[in-house]
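*Asks:* Here you go, one structure.
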Amino acid sequence: MLKPPVRLILSGLLAASLLGGCARDPHELFGAAGPGRRLHFVCYGSGSPTVLFEGGFAATASAWYKVQPVLSRRTRTCAYDRAGSGRSDPGPLPRDGAAIAADLDAGLRDAGISGPFVLVGHSAGALYAQLFYARRPKDVVGMVLVDPSVKFQDQAFDDIAPGAGGVESIRSGVERCLALAKGWGDQANAKDERRCFDKKGKLLPAATWLTQISELDTLWRQTSVEVVRAHPAYGAMPIVVLTAAGTYPRDDELSARFADRWRDLHKALAAQSSRGEERLVEKSSHMIMLDQPLAIIDAVDDVLNRLGSPGAAPAASSAASTKG
């Protein structure tokens, strides 16, 4: 049976946020995103442009632990926790793409992290990256979009399987965590909800789950409308869009149609730049940063090379991806 698209696209992202990893000498910074609240940034390396990571749904800065240390050998890299996740303070609701992009803009400025930037956005984070670009087009010089979500994704598959693009299954899991955090749930079942706890086994606060619910509720609605209205013009900016071959395994005719549609949407996104390129990443689930991190490293390295960025190229294998 074919799983709903969003389950394939969004589920499992929390696992990435819980997997830790560290490189040498991390530089942790906090930047004010609004009155009384700060965003947490983790930066490595030095040089310009800065590679700036925007994670997918429920991910924290640690999601990039297989990618960020390698790229930091060449230039400065920064990942961060969105408001309400990791070590960042919660932000006011709704947590739509415009609010997330505005937070990142303010937080970077206050933390003293300046451009130019090469944005790396995974899944839902790709929509947020596009909105950040719309705010600061002169500061963003390249992008790598990792198996990106697309605007109005709930409608993108309706002719194949109506309603398959909804987020209900993901939302229900978050709601169960919220119930536990509020003391409404059955505490006997708490151990079954692994996503509800941090690495130390502590139940995450209600603000975390309210943030995630708001991100989900606005993703294919308000956030998508904001991307359309922003109508970012990429011109000749280098863009690489990575499509995971395993997001929709071609096990049967229906799943093959999903896979074809998914890749076509990514090709269309890449085509918004005259120097845009879509690449198929073999042997990878939606979680490319975990399954095939070299594909992301290669893509960022190629963007940096097109920009004429100085420094030694990261050790990466072009065999990690297949260009399409």
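Residue numbers start at 1 in each chain; chains themselves are named A, B, ... in the order of the structure tokens; ligands are numbered from 1 in the order shown.
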As a list in words, please: the residues near Asp96 in chain A (cut-off 6 Å, only C-alpha atoms, same-chain neighbours under 6 positions excluded).
*Replies:*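 Close residues of Asp96 in chain A: Glu215, Thr218 and Thr223 of chain A.
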*Asks:* May I have the residues within 8 Å of Ala33 in chain A as a PyMOL selection string, using only C-alpha atoms and disregarding those fewer than 4 positions away in the same chain?
*Replies:* chain A and resi 37-39+102-107+110
*Asks:* Enumerate the residues of range 142-259 of chain A with a DSSP assignment of helix (DSSP H, G or I), computed from the backbone, and present them as a VMD selection string.
*Replies:* chain A and resid 153 to 156 168 to 181 187 to 192 194 to 196 206 to 230 253 to 259
*Asks:* Could you produce a table of the residues of range 170-256 of chain A lying within 9 Å of range 55-65 of chain A, with the nearest pair of atoms per residue and their separation in Å rounded to one decimal, using only C-alpha atoms, ordered by chain and increasing residue number, as CSV?
*Replies:*
residue,atom,partner,partner_atom,distance
A:Thr208,CA,A:Ala58,CA,9.0
A:Gln212,CA,A:Ala58,CA,6.7
A:Glu215,CA,A:Phe57,CA,7.9
A:Leu216,CA,A:Phe57,CA,8.2
*Asks:* Can you tell me how far CA of Pro26 in chain A sits from CA of His286 in chain A, in Å to one decimal?
*Replies:*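 Computing it gives 27.1 Å between the two atoms.
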*Asks:* Name the residues in contact with range 137-145 of chain A at a cut-off of 8 Å, using only C-alpha atoms, excluding same-chain residues fewer than 2 positions from it; report them as a VMD selection string.
*Replies:* chain A and resid 115 to 123 126 133 to 135 147 to 148 237 to 242 296 299 to 300 303 to 304 307
*Asks:* Within 12 Å of range 86-91 of chain A, which residues of range 168-228 of chain A show up? Give each one with its shortest atom-to-atom distance in Å (one decimal) and the two atoms involved, counting only C-alpha atoms, rows by chain then rising residue number, as CSV.
*Replies:*
residue,atom,partner,partner_atom,distance
A:Phe197,CA,A:Gly86,CA,11.8
A:Asp198,CA,A:Gly86,CA,9.3
A:Lys199,CA,A:Gly86,CA,11.1
A:Leu204,CA,A:Gly86,CA,9.7
A:Pro205,CA,A:Pro90,CA,10.3
A:Ala206,CA,A:Pro90,CA,10.2
A:Ala207,CA,A:Pro90,CA,6.5
A:Thr208,CA,A:Pro90,CA,7.5
A:Trp209,CA,A:Pro90,CA,10.4
A:Leu210,CA,A:Pro90,CA,9.4
A:Thr211,CA,A:Pro90,CA,7.5
A:Gln212,CA,A:Pro90,CA,10.8
A:Ser214,CA,A:Gly91,CA,10.9
A:Glu215,CA,A:Gly91,CA,11.6
*Asks:* Check range 69-242 of chain A with DSSP on the backbone and list each residue it calls strand (DSSP E or B), as a PyMOL selection string.
*Replies:* chain A and resi 77-81+117-122+140-146+197+203+239-242
*Asks:* Taking into account only C-alpha atoms, which residue in the set A:Met287, A:Ala256, A:Ala233, A:Cys43 is nearest to Ile160 in chain A?
*Replies:* A:Ala256
*Asks:* Which of these, A:Leu108, A:Gln68, A:Gly47, A:Cys78, has the shortest distance to Gly31 in chain A once you count only C-alpha atoms?
*Replies:*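 For Gly31 in chain A, the nearest of the candidates is A:Leu108.
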*Asks:* Between CA of Tyr44 in chain A and CA of Ala270 in chain A, what is the distance in Å, rounded to a tenth?
*Replies:*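 Interatomic distance here is 28.2 Å.
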*Asks:* Using only C-alpha atoms, can you tell me which of A:Glu168, A:Asp252, A:Glu54, A:Asp81 comes closest to Ala124 in chain A?
*Replies:*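 Under the stated criterion, the closest residue is A:Glu54.
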*Asks:* Can you pull out every residue within 9 Å of Gln292 in chain A, counting only C-alpha atoms, but drop anything in the same chain fewer than 2 positions away, and send it as JSON, numbers by chain?
*Replies:* {"A": [281, 282, 283, 284, 285, 287, 288, 289, 290, 294, 295, 296, 320, 321]}
*Asks:* To one decimal place in Å, what is the distance between CA of Ala236 in chain A and CA of Ala79 in chain A?
*Replies:*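 Value for the CA of Ala236 in chain A-CA of Ala79 in chain A distance: 25.4 Å.
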*Asks:* Find the residues near Lys151 in chain A: any atom within 10 Å, counting only C-alpha atoms, skip ones fewer than 6 places away on the same chain, and give them as a list of chain:residue names.
*Replies:*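 Once the adjacent positions are removed, what remains is A:Ala124, A:Ala126, A:Leu127, A:Leu219, A:Trp220, A:Arg221, A:Gln222, A:Thr223, A:Ser224, A:Val225, A:Glu226, A:Val227, A:Val228, A:Leu265.
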